[in-house]
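The structure appears below as structure tokens.
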Amino acid sequence: MSKNMPNDTRSPYDPDNIFAKILRGEIPCKEIYADDYALCFHDVNPQAPVHALVIPRNAYRSFSDFTTDASNEEICGFFRAVKQSVQLLNLEEDGYRLLANHGEHAGQEVDHFHVHICGGGSLGKLINKNNSSS
Ligand code: DGP
């Protein structure tokens with residue numbers, strides 16, 4: 001599959017999105033872990049006692065693009081980097097949540113694929129029923 005699938009109506013990757021700027025070092029971040037595949041840093045607006053983001057080094061808008069277009073090596077390297085980050089954040093023992101937003105209904109704000117790592121305290125249920133339509 002390619003980035004230009006006929007049913008792909010989303011806009012192309014914007015190289016000036018905030019995470020692309022962080023990757024290029026144009027905007028600072030509080031780095032937790034970095035390797036050839038990924039960069040992990042603290043979220044600027046934490047929603048949990050520990051809230052970090054992991055982003056791939058290459059340009060993918062979301063989980064869908066990443067899993068369609070990235071090589072097996074990149075995908076494997078990325079998720080190993082997520083695991084390394086979890087360990088560095090000392091979340092293994094007490095638990096943590098991984099989350100990736102794709103598109104409008106999920107409220108994706110930054111169109112560079114990222115996985116949220118949340119932990120450091122009880123996180124409650126995954127979905128807030130007050131915001132749910134069913
Ligand atoms: P999402 O809604 O899944 O697209 O999450 C985007 C996250 O990115 C959100 O939790 C806030 C975070 N964020 C936005 N701008 C910056 C920034 O400049 N620096 C850092 N560290 N995080 C940012």
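Each chain in the structure tokens gets a letter, A, B, ..., in the order shown, and its residues are numbered from 1; ligands are numbered from 1 in order too.
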Polymer residues at most 10 Å from stretch 27-34 of chain A, only C-alpha atoms, same-chain spacing of 4 or more positions, as a PyMOL selection string: chain A and resi 18-23+38-44+52-57+81-82+84-86+88-89
Mind checking which residues fall within 12 Å of A:Gly124, counting only C-alpha atoms, ignoring those fewer than 5 positions away in the same chain, and posting them as a PyMOL selection string? chain A and resi 47-48+96-97+118-119+129
What are the DSSP strand (DSSP E or B) residues of stretch 50-116 of chain A, as a list in words? Val50, His51, Ala52, Leu53, Val54, Ile55, Pro56, Tyr96, Arg97, Leu98, Leu99, Val115 and His116 of chain A
Atom pair atom CA of A:Asp35 / atom CA of A:Tyr13: separation (Å): 22.3 Å
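Counting only C-alpha atoms and all ligand atoms and comparing A:Arg61, A:Lys83, A:Arg10, A:His114, the residue that lies closest to ligand 1 is A:His114.
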Among the residues of chain A, find those DSSP assigns to alpha helix (DSSP H) from the backbone and print them as a ChimeraX atom specification. /A:18-23,63-69,72-88
